[in-house]
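Each remark here refers to the structure printed beneath this line.
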Amino acid sequence: MNRTKRGGFLIVAAAGALALCLPRHARAGDTAGRKPNIIFMVMDDLGYRDLGCFGSKTILTPNIDKLCAEGLKFTACYAGGNVCAPSRSALMTGYHIGHAPVRDNAGGVPLFPEDVTVAEVLKKAGYATGGFGKWGLGNQGKDGAAERQGFDVFFGYYNQYHAHSYYTHLFRNSVKVELNGRYTHCAIYDETVNFIKENKDRPFFCYAPWTLPHGKYQFPEDDPAWALYKDKPWSRDAKVVAAMISMIDRHVGEILALLKKLGIDDNTILFFTSDNGAAQRFEGIHNSCGELRGGKGSMYEGGIRVPMMVRWPGHVQAGAVSDLPWYFPDVMPTLAELAGVSQETPKDTDGISIVPTLLDKGRQKQHDYMYWEDTWYHNEAVRMGQWKGVRSNGKFEENPNDELHRGKWKGMKHESGKVEVYDLSKDRAEKKNLAGIYPDIAKQLGEIMDKAWVAPRSQKDDGRYTGM
């Protein structure tokens, strides 16, 4: 079944999906008189092609593929940024990186106390709020800590440099928790499950920014996922990444089974995505970014376009595919509308609600443009309809984890450079720069970049993780 959704975006529904169209009573934030539970899963450095349902030929993800088949698959969803902390800042606050409070990836830059997060908005609607995984927006016990920004409980890593190890201690609401050599993701997963069980009788927001498959590439070789790949003729890193993703897949399947067991499956909307592109492309093995150019740290599609799927039985049409371009700043207004508290979102956020697309009801507002910035090298990108603009200062393809460049964005003036232009409707791989053919488009995209970026507020960096 092919049809055009209101708002002009093509939806391709799988065979048999017609029978699963939305019931007439479906309304955002109103399911049999109860607000929907919300689970928002964000994997760390999961590439656009790392899942079977997005084209992987090497990594086994049957549960996530089933999740995708039972929900709405987005092929043009974008992260908030090309690296961890800025992307999470956009997701949590609804501002793109030209306006967001945390734009640096140095590890200890916190949210301001006055910054409003998704969790704070949903608490206004009576939601229990829990986060499990990597926060990256404020160190434990200090400004920006998750429990100071609307979360009833947060368990995991606060400073993202701490998250480079899978065999270390974690924190629960800033209190140190020793794991005694246990694999950290397993502890994070258990806490995720416990939160769902404990709040099954009330609306909850479960934010699951899990750390897999982020490096270091460490993995317990007694886990069943390792057996799937240990004999493959690949590099060890390629084997570990595959095992990490298959572990995620197993845990996603267990959570879906849990929702059914608890009787809350039909009243739970689940989002699944990644915080940016793959850290390694693994060309010739996983091809983690597929045809997309670049990867994590890049402003090309491989750095910012991410897999996204949304499942809500009886409300979100199963087996549908949407090419609606949207990104992490849209999460806050979307979840607020689902919870019935749109009025609680800050008025100047950069996001728009995608509830009309999720529920196939009403007219979908579209972005005039979407904006990204890499604050280390001051590279920028804009998507305006079919057009993509990239502006670089010459260090675009370098590794953003380069110690020599960390933090150099501070005090940097907004620089101008040549704008590359790509037509994503014909060239998703961004192979042909059309700036010379469409100079007016290049000029327009550059002007958008100029107005989208504002100087960041003066903000302290609490420093990298110190082993506290």
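Chains: A, B, ... in order of the structure tokens. Residues: from 1 per chain. Ligands: from 1, in order shown.
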Contacts of Gly71 (chain A) at 12 Å (only C-alpha atoms; same-chain gap of 4+ positions) as a PyMOL selection string:
chain A and resi 13-14+17+20-22+53+64-67+269-272+308-322+358-359
Can you pull out the residues contacting Gly389 (chain A)? Cut-off 7 Å, using only C-alpha atoms, and skip same-chain residues under 3 positions away; I want them as a PyMOL selection string.
chain A and resi 381-383+419-422+445
Output N, CA and C atoms of each residue in that selection to a file, as a PDB file, in the first residue's frame.
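Full text of out04.pdb as output:
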ATOM      1  N   ALA A 381      26.035  22.097   9.478  1.00  0.00           N
ATOM      2  CA  ALA A 381      25.194  21.492   8.454  1.00  0.00           C
ATOM      3  C   ALA A 381      23.774  22.003   8.606  1.00  0.00           C
ATOM      4  N   VAL A 382      23.094  22.122   7.475  1.00  0.00           N
ATOM      5  CA  VAL A 382      21.687  22.514   7.437  1.00  0.00           C
ATOM      6  C   VAL A 382      20.975  21.614   6.450  1.00  0.00           C
ATOM      7  N   ARG A 383      19.793  21.139   6.835  1.00  0.00           N
ATOM      8  CA  ARG A 383      18.912  20.500   5.865  1.00  0.00           C
ATOM      9  C   ARG A 383      17.698  21.381   5.676  1.00  0.00           C
ATOM     10  N   VAL A 419      30.218  26.842   1.363  1.00  0.00           N
ATOM     11  CA  VAL A 419      29.099  25.940   1.639  1.00  0.00           C
ATOM     12  C   VAL A 419      29.008  24.898   0.532  1.00  0.00           C
ATOM     13  N   GLU A 420      29.073  23.631   0.924  1.00  0.00           N
ATOM     14  CA  GLU A 420      28.825  22.539  -0.011  1.00  0.00           C
ATOM     15  C   GLU A 420      27.316  22.303  -0.079  1.00  0.00           C
ATOM     16  N   VAL A 421      26.814  21.934  -1.247  1.00  0.00           N
ATOM     17  CA  VAL A 421      25.380  21.731  -1.445  1.00  0.00           C
ATOM     18  C   VAL A 421      25.134  20.338  -2.032  1.00  0.00           C
ATOM     19  N   TYR A 422      24.213  19.618  -1.423  1.00  0.00           N
ATOM     20  CA  TYR A 422      23.852  18.284  -1.894  1.00  0.00           C
ATOM     21  C   TYR A 422      22.334  18.175  -1.997  1.00  0.00           C
ATOM     22  N   LEU A 445      21.539  28.632   2.184  1.00  0.00           N
ATOM     23  CA  LEU A 445      21.931  27.724   3.256  1.00  0.00           C
ATOM     24  C   LEU A 445      22.955  28.380   4.174  1.00  0.00           C
TER      25      LEU A 445
END
Hey, which of A:His251, A:Arg428, A:Arg293, A:Arg457 ends up closest to Pro62 (chain A)? Count only C-alpha atoms.
A:His251
Any idea what's packed within 12 Å of Lys347 (chain A), counting only C-alpha atoms, ignoring anything in its chain fewer than 4 positions away? Could you give it as number ranges by chain?
A: 93-95, 116, 332-333, 342-343, 351-352
Residue neighbourhood Leu335 (chain A), 12 Å, only C-alpha atoms, exclusion window fewer than 6 positions, as a CSV table (one decimal) with C-alpha atoms, in the first residue's frame:
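Output file part.csv is given in full below:
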chain,number,residue,atom,x,y,z
A,28,ALA,CA,-2.4,11.7,21.9
A,29,GLY,CA,-2.1,11.4,25.7
A,35,LYS,CA,-1.6,8.7,29.5
A,36,PRO,CA,0.7,6.4,27.6
A,37,ASN,CA,3.9,5.1,29.1
A,38,ILE,CA,6.9,6.3,27.1
A,39,ILE,CA,10.2,4.4,26.6
A,40,PHE,CA,12.9,6.3,24.7
A,91,LEU,CA,17.2,15.7,22.8
A,92,MET,CA,16.7,16.7,26.4
A,93,THR,CA,16.1,20.5,25.9
A,94,GLY,CA,14.4,20.8,22.5
A,117,THR,CA,14.4,19.0,30.2
A,118,VAL,CA,12.0,16.4,28.7
A,119,ALA,CA,11.8,14.8,32.2
A,120,GLU,CA,10.8,18.0,33.8
A,121,VAL,CA,8.0,18.5,31.3
A,122,LEU,CA,6.7,15.0,31.7
A,123,LYS,CA,6.7,15.3,35.5
A,125,ALA,CA,1.9,15.4,33.5
A,127,TYR,CA,4.9,10.8,35.0
A,204,PHE,CA,6.2,6.5,33.3
A,205,PHE,CA,8.9,7.9,31.2
A,206,CYS,CA,11.8,5.5,30.9
A,207,TYR,CA,14.8,7.1,29.2
A,269,ILE,CA,5.0,3.9,23.1
A,270,LEU,CA,8.6,2.9,22.5
A,271,PHE,CA,11.1,4.9,20.5
A,328,PHE,CA,16.2,15.2,18.3
A,329,PRO,CA,14.9,18.8,19.1
A,341,VAL,CA,1.2,18.9,28.4
A,342,SER,CA,2.3,20.8,25.3
A,343,GLN,CA,1.9,24.0,27.2
A,344,GLU,CA,4.8,23.1,29.5
A,345,THR,CA,7.4,23.2,26.7
A,351,GLY,CA,11.5,21.4,17.8
A,352,ILE,CA,8.1,20.5,16.3
A,353,SER,CA,5.7,17.7,17.3
A,354,ILE,CA,5.6,14.7,15.0
A,355,VAL,CA,2.5,13.3,16.6
A,358,LEU,CA,3.0,9.0,14.5
Give me the residues within 8 Å of region 182-184 of chain A as a PyMOL selection string, counting only C-alpha atoms and dropping any in the same chain fewer than 5 places off.
chain A and resi 166-170+219-220
Please produce an output containing N, CA and C atoms for each residue in the selection, written as a compact mmCIF listing (two decimals), in the first residue's frame.
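Just written: result-v2.txt:
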# COMPACT_ATOMS: atom_id res chain seq x y z
N TYR A 166 33.54 -0.49 30.50
CA TYR A 166 32.39 -1.33 30.84
C TYR A 166 32.63 -2.16 32.10
N TYR A 167 33.78 -1.95 32.73
CA TYR A 167 34.07 -2.66 33.98
C TYR A 167 34.52 -1.62 35.00
N THR A 168 33.54 -0.98 35.59
CA THR A 168 33.80 0.10 36.54
C THR A 168 32.57 0.24 37.43
N HIS A 169 32.61 1.19 38.36
CA HIS A 169 31.43 1.47 39.18
C HIS A 169 30.49 2.41 38.41
N LEU A 170 29.27 2.53 38.92
CA LEU A 170 28.29 3.46 38.36
C LEU A 170 27.74 4.32 39.49
N PHE A 219 33.71 -6.78 25.96
CA PHE A 219 32.51 -7.62 25.98
C PHE A 219 32.79 -8.91 26.74
N PRO A 220 31.83 -9.36 27.56
CA PRO A 220 32.01 -10.62 28.31
C PRO A 220 31.89 -11.83 27.37
Nearest to Ser392 (chain A), chosen from A:Cys84, A:Ala455, A:Met449, A:Leu256, with only C-alpha atoms counted in the distances
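That would be A:Met449, the residue with the smallest distance to Ser392 (chain A).
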Using DSSP on the backbone, list every residue of region 51-284 of chain A that comes out as strand (DSSP E or B), and give them as a PyMOL selection string.
chain A and resi 72-78+128-134+153-157+170-172+175-177+204-208+268-274
